[in-house]
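> Handing over coords-v1.cif, mmCIF, C-alpha atoms.
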data_input
loop_
_atom_site.group_PDB
_atom_site.id
_atom_site.type_symbol
_atom_site.label_atom_id
_atom_site.label_comp_id
_atom_site.auth_asym_id
_atom_site.auth_seq_id
_atom_site.Cartn_x
_atom_site.Cartn_y
_atom_site.Cartn_z
ATOM 1 C CA ARG A 1453 64.540 -44.038 130.632
ATOM 2 C CA VAL A 1454 67.426 -41.818 129.521
ATOM 3 C CA ASN A 1455 69.955 -44.479 130.533
ATOM 4 C CA LYS A 1456 68.056 -47.119 128.538
ATOM 5 C CA ILE A 1457 68.064 -44.920 125.448
ATOM 6 C CA LYS A 1458 71.758 -44.174 125.945
ATOM 7 C CA THR A 1459 72.573 -47.874 126.229
ATOM 8 C CA TRP A 1460 70.524 -48.700 123.135
ATOM 9 C CA PHE A 1461 72.082 -45.762 121.265
ATOM 10 C CA PHE A 1462 75.594 -47.185 121.525
ATOM 11 C CA GLN A 1463 74.512 -50.752 120.685
ATOM 12 C CA CYS A 1464 72.093 -50.227 117.798
ATOM 13 C CA GLN A 1465 72.788 -50.757 114.093
ATOM 14 C CA TRP A 1466 73.827 -47.689 112.117
ATOM 15 C CA PHE A 1467 70.542 -47.517 110.201
ATOM 16 C CA GLU A 1468 68.536 -47.796 113.429
ATOM 17 C CA LEU A 1469 70.231 -44.643 114.656
ATOM 18 C CA TYR A 1470 69.059 -42.762 111.583
ATOM 19 C CA ASP A 1471 65.552 -44.157 112.110
ATOM 20 C CA PHE A 1472 65.680 -42.797 115.657
ATOM 21 C CA ILE A 1473 66.741 -39.341 114.466
ATOM 22 C CA GLU A 1474 63.846 -39.314 112.004
ATOM 23 C CA TYR A 1475 61.473 -40.281 114.808
ATOM 24 C CA LEU A 1476 62.716 -37.402 116.972
ATOM 25 C CA ALA A 1477 62.460 -34.982 114.039
ATOM 26 C CA GLN A 1478 58.806 -35.916 113.573
ATOM 27 C CA LEU A 1479 58.025 -34.798 117.136
ATOM 28 C CA LYS A 1480 58.492 -31.166 115.994
ATOM 29 C CA ASP A 1481 58.939 -28.612 118.757
ATOM 30 C CA THR A 1482 58.129 -31.115 121.527
ATOM 31 C CA PHE A 1483 61.518 -30.578 123.128
ATOM 32 C CA VAL A 1484 63.414 -28.298 120.762
ATOM 33 C CA ARG A 1485 62.575 -26.081 117.812
ATOM 34 C CA GLU A 1486 62.722 -27.964 114.501
ATOM 35 C CA ALA A 1487 65.258 -25.560 112.980
ATOM 36 C CA ASP A 1488 67.581 -25.953 115.973
ATOM 37 C CA PHE A 1489 67.217 -29.740 115.983
ATOM 38 C CA THR A 1490 68.066 -29.915 112.276
ATOM 39 C CA ARG A 1491 71.058 -27.614 112.711
ATOM 40 C CA LEU A 1492 72.395 -29.560 115.698
ATOM 41 C CA CYS A 1493 71.953 -32.936 113.984
ATOM 42 C CA ASN A 1494 73.569 -31.822 110.746
ATOM 43 C CA GLY A 1495 76.442 -30.251 112.661
ATOM 44 C CA VAL A 1496 77.191 -33.601 114.298
ATOM 45 C CA LEU A 1497 76.669 -35.561 111.072
ATOM 46 C CA GLU A 1498 79.098 -33.254 109.270
ATOM 47 C CA LYS A 1499 81.644 -33.457 112.077
ATOM 48 C CA GLU A 1500 81.478 -37.261 112.015
ATOM 49 C CA LEU A 1501 81.873 -37.276 108.202
ATOM 50 C CA SER A 1502 78.483 -38.916 107.730
ATOM 51 C CA GLY A 1503 77.178 -39.340 104.199
ATOM 52 C CA TYR A 1504 73.716 -38.271 105.386
ATOM 53 C CA ARG A 1505 71.974 -35.071 106.452
ATOM 54 C CA LEU A 1506 68.594 -34.275 108.004
ATOM 55 C CA ILE A 1507 66.041 -32.402 105.881
ATOM 56 C CA GLY A 1508 62.748 -31.798 107.656
ATOM 57 C CA SER A 1509 62.076 -35.180 109.241
ATOM 58 C CA GLN A 1510 63.979 -37.213 106.631
ATOM 59 C CA ILE A 1511 67.556 -38.449 106.773
ATOM 60 C CA THR A 1512 68.800 -38.179 103.213
ATOM 61 C CA PRO A 1513 72.049 -39.125 101.403
ATOM 62 C CA ILE A 1514 72.629 -35.530 100.283
ATOM 63 C CA THR A 1515 75.430 -33.543 101.915
ATOM 64 C CA ASP A 1516 76.102 -30.573 99.626
ATOM 65 C CA GLU A 1517 75.029 -27.408 101.454
ATOM 66 C CA ASN A 1518 73.637 -25.667 98.372
ATOM 67 C CA GLU A 1519 71.561 -28.709 97.420
ATOM 68 C CA LEU A 1520 70.281 -29.047 100.982
ATOM 69 C CA ASN A 1521 69.307 -25.376 101.015
ATOM 70 C CA GLU A 1522 67.321 -25.620 97.769
ATOM 71 C CA ILE A 1523 65.366 -28.662 98.964
ATOM 72 C CA THR A 1524 64.761 -27.194 102.430
ATOM 73 C CA GLU A 1525 63.583 -23.891 100.974
ATOM 74 C CA ALA A 1526 61.144 -25.626 98.613
ATOM 75 C CA ILE A 1527 59.769 -27.777 101.440
ATOM 76 C CA ASN A 1528 59.343 -24.782 103.757
ATOM 77 C CA LYS A 1529 57.753 -22.536 101.141
ATOM 78 C CA SER A 1530 55.330 -25.212 99.988
ATOM 79 C CA GLN A 1531 54.007 -25.886 103.485
ATOM 80 C CA GLU A 1532 51.307 -23.259 102.905
ATOM 81 C CA THR A 1533 47.822 -24.733 102.549
ATOM 82 C CA LYS A 1534 47.326 -23.849 98.884
ATOM 83 C CA LEU A 1535 50.690 -25.365 98.016
ATOM 84 C CA SER A 1536 50.110 -28.603 99.911
ATOM 85 C CA GLY A 1537 50.064 -30.667 96.706
ATOM 86 C CA ILE A 1538 53.479 -29.351 95.729
ATOM 87 C CA HIS A 1539 54.745 -30.001 99.252
ATOM 88 C CA SER A 1540 53.460 -33.571 99.074
ATOM 89 C CA HIS A 1541 55.255 -34.226 95.769
ATOM 90 C CA ILE A 1542 58.568 -32.833 97.051
ATOM 91 C CA THR A 1543 58.481 -34.707 100.346
ATOM 92 C CA SER A 1544 57.484 -37.919 98.546
ATOM 93 C CA ALA A 1545 60.373 -37.502 96.102
ATOM 94 C CA LEU A 1546 62.758 -36.988 99.023
ATOM 95 C CA SER A 1547 61.372 -39.985 100.905
ATOM 96 C CA LEU A 1548 61.614 -42.294 97.886
ATOM 97 C CA LEU A 1549 65.171 -41.135 97.226
ATOM 98 C CA SER A 1550 66.227 -41.524 100.864
ATOM 99 C CA ASP A 1551 64.689 -44.917 101.652
ATOM 100 C CA ARG A 1552 67.646 -46.832 103.089
ATOM 101 C CA LYS A 1553 66.062 -50.257 102.539
ATOM 102 C CA ALA A 1554 64.508 -49.887 99.093
ATOM 103 C CA PRO A 1555 65.128 -46.530 97.387
ATOM 104 C CA ASP A 1556 62.798 -45.896 94.440
ATOM 105 C CA TYR A 1557 64.659 -43.536 92.123
ATOM 106 C CA ARG A 1558 62.208 -43.916 89.255
ATOM 107 C CA ASN A 1559 59.209 -42.732 91.249
ATOM 108 C CA SER A 1560 61.289 -40.116 93.030
ATOM 109 C CA ILE A 1561 61.938 -38.524 89.646
ATOM 110 C CA LYS A 1562 58.236 -38.645 88.799
ATOM 111 C CA GLU A 1563 57.348 -36.956 92.082
ATOM 112 C CA SER A 1564 59.986 -34.252 91.591
ATOM 113 C CA ILE A 1565 58.697 -33.359 88.147
ATOM 114 C CA SER A 1566 55.100 -33.534 89.363
ATOM 115 C CA ALA A 1567 55.906 -30.812 91.909
ATOM 116 C CA VAL A 1568 57.022 -28.499 89.097
ATOM 117 C CA GLU A 1569 54.029 -29.447 86.993
ATOM 118 C CA ALA A 1570 51.613 -28.727 89.859
ATOM 119 C CA LEU A 1571 53.089 -25.280 90.489
ATOM 120 C CA CYS A 1572 53.119 -24.384 86.790
ATOM 121 C CA ARG A 1573 49.456 -25.324 86.547
ATOM 122 C CA MET A 1574 48.649 -23.114 89.539
ATOM 123 C CA ILE A 1575 50.436 -20.108 88.071
ATOM 124 C CA SER A 1576 48.969 -20.642 84.605
ATOM 125 C CA GLY A 1577 45.455 -21.033 86.019
ATOM 126 C CA ASP A 1578 44.865 -24.218 84.019
ATOM 127 C CA ASP A 1579 44.769 -27.287 86.244
ATOM 128 C CA LYS A 1580 44.625 -29.606 83.232
ATOM 129 C CA ALA A 1581 47.528 -28.164 81.254
ATOM 130 C CA THR A 1582 50.551 -30.251 80.374
ATOM 131 C CA LEU A 1583 53.803 -28.927 81.781
ATOM 132 C CA GLY A 1584 54.818 -27.706 78.335
ATOM 133 C CA ASP A 1585 51.547 -25.806 77.837
ATOM 134 C CA ALA A 1586 51.718 -24.402 81.359
ATOM 135 C CA LEU A 1587 55.231 -23.072 80.741
ATOM 136 C CA GLN A 1588 53.956 -21.327 77.631
ATOM 137 C CA ALA A 1589 51.087 -19.772 79.595
ATOM 138 C CA ILE A 1590 53.318 -18.730 82.471
ATOM 139 C CA GLU A 1591 55.490 -16.705 80.108
ATOM 140 C CA LYS A 1592 52.567 -14.296 79.671
ATOM 141 C CA LYS A 1593 52.482 -13.638 83.411
ATOM 142 C CA ILE A 1594 56.088 -13.995 84.475
ATOM 143 C CA LYS A 1595 59.123 -12.727 82.626
ATOM 144 C CA ILE A 1596 61.387 -15.708 82.002
ATOM 145 C CA HIS A 1597 64.398 -15.377 79.755
ATOM 146 C CA GLY A 1598 63.888 -17.226 76.473
ATOM 147 C CA ALA A 1599 66.997 -19.359 76.931
ATOM 148 C CA LEU A 1600 65.876 -20.352 80.422
ATOM 149 C CA LYS A 1601 62.391 -21.270 79.261
ATOM 150 C CA LYS A 1602 63.828 -23.311 76.432
ATOM 151 C CA GLY A 1603 66.110 -25.086 78.876
ATOM 152 C CA TYR A 1604 63.284 -25.852 81.268
ATOM 153 C CA SER A 1605 61.138 -27.163 78.435
ATOM 154 C CA ALA A 1606 63.983 -29.396 77.307
ATOM 155 C CA ILE A 1607 64.578 -30.730 80.825
ATOM 156 C CA TYR A 1608 61.014 -31.346 81.876
ATOM 157 C CA GLY A 1609 59.480 -32.052 78.510
ATOM 158 C CA TYR A 1610 55.822 -32.275 77.560
ATOM 159 C CA THR A 1611 54.563 -34.577 80.257
ATOM 160 C CA SER A 1612 51.477 -35.723 78.383
ATOM 161 C CA ASP A 1613 53.580 -36.935 75.465
ATOM 162 C CA GLU A 1614 54.677 -40.570 75.626
ATOM 163 C CA ASP A 1615 57.906 -39.524 73.968
ATOM 164 C CA GLY A 1616 58.434 -36.722 76.494
ATOM 165 C CA ILE A 1617 61.493 -36.504 78.668
ATOM 166 C CA ARG A 1618 59.757 -37.647 81.855
ATOM 167 C CA HIS A 1619 58.552 -40.800 80.152
ATOM 168 C CA ALA A 1620 61.879 -41.434 78.454
ATOM 169 C CA MET A 1621 63.915 -40.844 81.594
ATOM 170 C CA THR A 1622 61.792 -42.931 83.944
ATOM 171 C CA GLU A 1623 61.708 -45.803 81.447
ATOM 172 C CA GLN A 1624 65.476 -46.127 81.437
ATOM 173 C CA PRO A 1625 66.509 -49.558 82.759
ATOM 174 C CA ASN A 1626 69.205 -48.248 85.102
ATOM 175 C CA ILE A 1627 68.120 -45.104 86.917
ATOM 176 C CA GLU A 1628 70.619 -44.313 89.641
ATOM 177 C CA PHE A 1629 70.845 -42.146 92.749
ATOM 178 C CA GLU A 1630 72.590 -39.352 90.866
ATOM 179 C CA ASP A 1631 69.719 -39.123 88.351
ATOM 180 C CA ALA A 1632 67.065 -38.881 91.056
ATOM 181 C CA LYS A 1633 69.084 -36.447 93.161
ATOM 182 C CA TYR A 1634 69.670 -34.171 90.181
ATOM 183 C CA MET A 1635 65.959 -34.069 89.372
ATOM 184 C CA LEU A 1636 64.992 -33.443 93.005
ATOM 185 C CA VAL A 1637 67.465 -30.590 93.473
ATOM 186 C CA SER A 1638 66.781 -28.986 90.080
ATOM 187 C CA CYS A 1639 63.007 -29.266 90.490
ATOM 188 C CA CYS A 1640 63.191 -27.734 93.964
ATOM 189 C CA ALA A 1641 65.351 -24.923 92.589
ATOM 190 C CA PHE A 1642 62.809 -24.309 89.813
ATOM 191 C CA VAL A 1643 59.946 -24.313 92.338
ATOM 192 C CA ASN A 1644 61.798 -21.718 94.431
ATOM 193 C CA TYR A 1645 62.516 -19.663 91.318
ATOM 194 C CA LEU A 1646 58.880 -19.692 90.147
ATOM 195 C CA LEU A 1647 57.535 -18.840 93.603
ATOM 196 C CA ALA A 1648 59.877 -15.856 93.819
ATOM 197 C CA LYS A 1649 58.958 -14.735 90.291
ATOM 198 C CA ALA A 1650 55.244 -15.119 90.998
ATOM 199 C CA ALA A 1651 55.545 -13.063 94.184
ATOM 200 C CA ARG A 1652 57.434 -10.327 92.324
ATOM 201 C CA ALA A 1653 54.744 -10.260 89.642
ATOM 202 C CA GLY A 1654 52.037 -9.930 92.295
ATOM 203 C CA ILE A 1655 50.521 -13.340 91.549
ATOM 204 C CA LYS A 1656 48.735 -14.741 94.595
ATOM 205 C CA LEU A 1657 48.801 -18.522 94.908
#
What does this structure look like when you write it as structure tokens?

Amino acid sequence: RVNKIKTWFFQCQWFELYDFIEYLAQLKDTFVREADFTRLCNGVLEKELSGYRLIGSQITPITDENELNEITEAINKSQETKLSGIHSHITSALSLLSDRKAPDYRNSIKESISAVEALCRMISGDDKATLGDALQAIEKKIKIHGALKKGYSAIYGYTSDEDGIRHAMTEQPNIEFEDAKYMLVSCCAFVNYLLAKAARAGIKL
């Protein structure tokens, strides 16, 4: 069986190899710890100058170490049961961004922002709040610098408003990889930031 896999490995198409890595990553701890498997794979991908890296069980066209760390941290932290909705949004955004056959940048952006929106609603205690309203409510519980809050509001917009930034951005005719990657990384960074702030403030999620 090993010889058959080895033969196939050196004859397969490049994208089939990445599919195979994703399949192995989904086995989780069957033959090697997930963290070790990810580290080993990314070490080889970096050595071979690949334009892809493994995050969780997804091969993604993101290679910057800081960006990878932010996404990985957000995925790992949101694996807790109560944060499963946030985890689902982040992993969906990553999957849509990384689809090698038909990447969907528009919906990747929507999923990224939805992860932030879901967390803000949890912290604010209002599961029906718009992102803008939730950010206002969060300020009463978590100390966020005024300039930062203003920046976040400007980036993420009031999601219930048809003229909001999410609507405007996702309605652009030519959304590209860079747009979706920026939103994924920045949203993951904001999720990590809010989780750390909530923990410091003693807020249990």
> Restricting the calculation to all atoms listed in the file, which member of A:Leu1492, A:Ile1627, A:Ile1655, A:Ala1477 is positioned closest to Lys1562 (chain A)?
A:Ile1627
> Under the rule that only C-alpha atoms are counted, which of A:Ile1594, A:Ala1567, A:Leu1657, A:Ala1526 is the nearest residue to Ile1538 (chain A)?
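Using only C-alpha atoms, the shortest distance to Ile1538 (chain A) belongs to A:Ala1567.
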> As JSON, numbers by chain, please: the residues near Cys1639 (chain A) (cut-off 10 Å, all atoms listed in the file, same-chain neighbours under 2 positions excluded).
{"A": [1522, 1523, 1526, 1542, 1561, 1563, 1564, 1565, 1566, 1567, 1568, 1569, 1604, 1607, 1608, 1633, 1634, 1635, 1636, 1637, 1641, 1642, 1643, 1644, 1645]}
> Give me, as a list in words, all polymer residues having an atom no more than 10 Å from Tyr1470 (chain A), counting all atoms listed in the file and skipping those fewer than 6 positions away in the same chain.
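Surrounding residues, per the criterion: Leu1476, Tyr1504, Arg1505, Leu1506, Gln1510, Ile1511, Thr1512 and Arg1552 of chain A.
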> Give me a file of those residues, with C-alpha atoms, as a short mmCIF file (atom, residue, chain, number, x, y, z; two decimals), keeping the file's coordinate frame.

data_model
loop_
_atom_site.label_atom_id
_atom_site.label_comp_id
_atom_site.auth_asym_id
_atom_site.auth_seq_id
_atom_site.Cartn_x
_atom_site.Cartn_y
_atom_site.Cartn_z
CA LEU A 1476 62.72 -37.40 116.97
CA TYR A 1504 73.72 -38.27 105.39
CA ARG A 1505 71.97 -35.07 106.45
CA LEU A 1506 68.59 -34.28 108.00
CA GLN A 1510 63.98 -37.21 106.63
CA ILE A 1511 67.56 -38.45 106.77
CA THR A 1512 68.80 -38.18 103.21
CA ARG A 1552 67.65 -46.83 103.09
#
> Would you compute the distance between CA of Phe1489 (chain A) and CA of Ile1527 (chain A)? Give it in Å to one decimal.
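For CA of Phe1489 (chain A) relative to CA of Ile1527 (chain A), the distance reads 16.5 Å.
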> Nearest to Ala1653 (chain A): which of A:Ile1590, A:Ile1473, A:Ile1514, A:Cys1572 is it, counting all atoms listed in the file?
A:Ile1590
> Select, from A:Gly1654, A:Leu1646, A:Asp1551, A:Asp1578, the residue with the minimum atom-to-atom distance to Lys1529 (chain A), counting only C-alpha atoms.
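Once distances to Lys1529 (chain A) are computed over only C-alpha atoms, the minimum belongs to A:Leu1646.
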> For each of A:Leu1469, A:Ile1507, A:Leu1600, A:Ala1586, take the minimum atom-to-atom distance to Thr1543 (chain A), counting all atoms listed in the file, then give the residue where this is smallest.
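Checking each candidate against Thr1543 (chain A), we get A:Ile1507 as the closest.
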> Which of these, A:Ser1560, A:Asn1455, A:Ser1605, A:Asn1626, has the shortest distance to Gln1588 (chain A) once you count all atoms listed in the file?
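When distances to Gln1588 (chain A) are compared using all atoms listed in the file, the smallest one comes from A:Ser1605.
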> Compile the contact shell of Ile1596 (chain A) as JSON, numbers by chain: residues with an atom at most 10 Å away, counting only C-alpha atoms, same-chain residues fewer than 5 positions apart removed.
{"A": [1587, 1590, 1591, 1601, 1602, 1646, 1649]}
> Keeping only C-alpha atoms, take the residues you just selected and write them out as a compact mmCIF listing (two decimals), in the coordinates of the input.

# COMPACT_ATOMS: atom_id res chain seq x y z
CA LEU A 1587 55.23 -23.07 80.74
CA ILE A 1590 53.32 -18.73 82.47
CA GLU A 1591 55.49 -16.70 80.11
CA LYS A 1601 62.39 -21.27 79.26
CA LYS A 1602 63.83 -23.31 76.43
CA LEU A 1646 58.88 -19.69 90.15
CA LYS A 1649 58.96 -14.74 90.29
> What is the CA of Asn1518 (chain A)-CA of Ser1530 (chain A) distance in Å, reported with one decimal?
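Between these atoms lies a distance of 18.4 Å.
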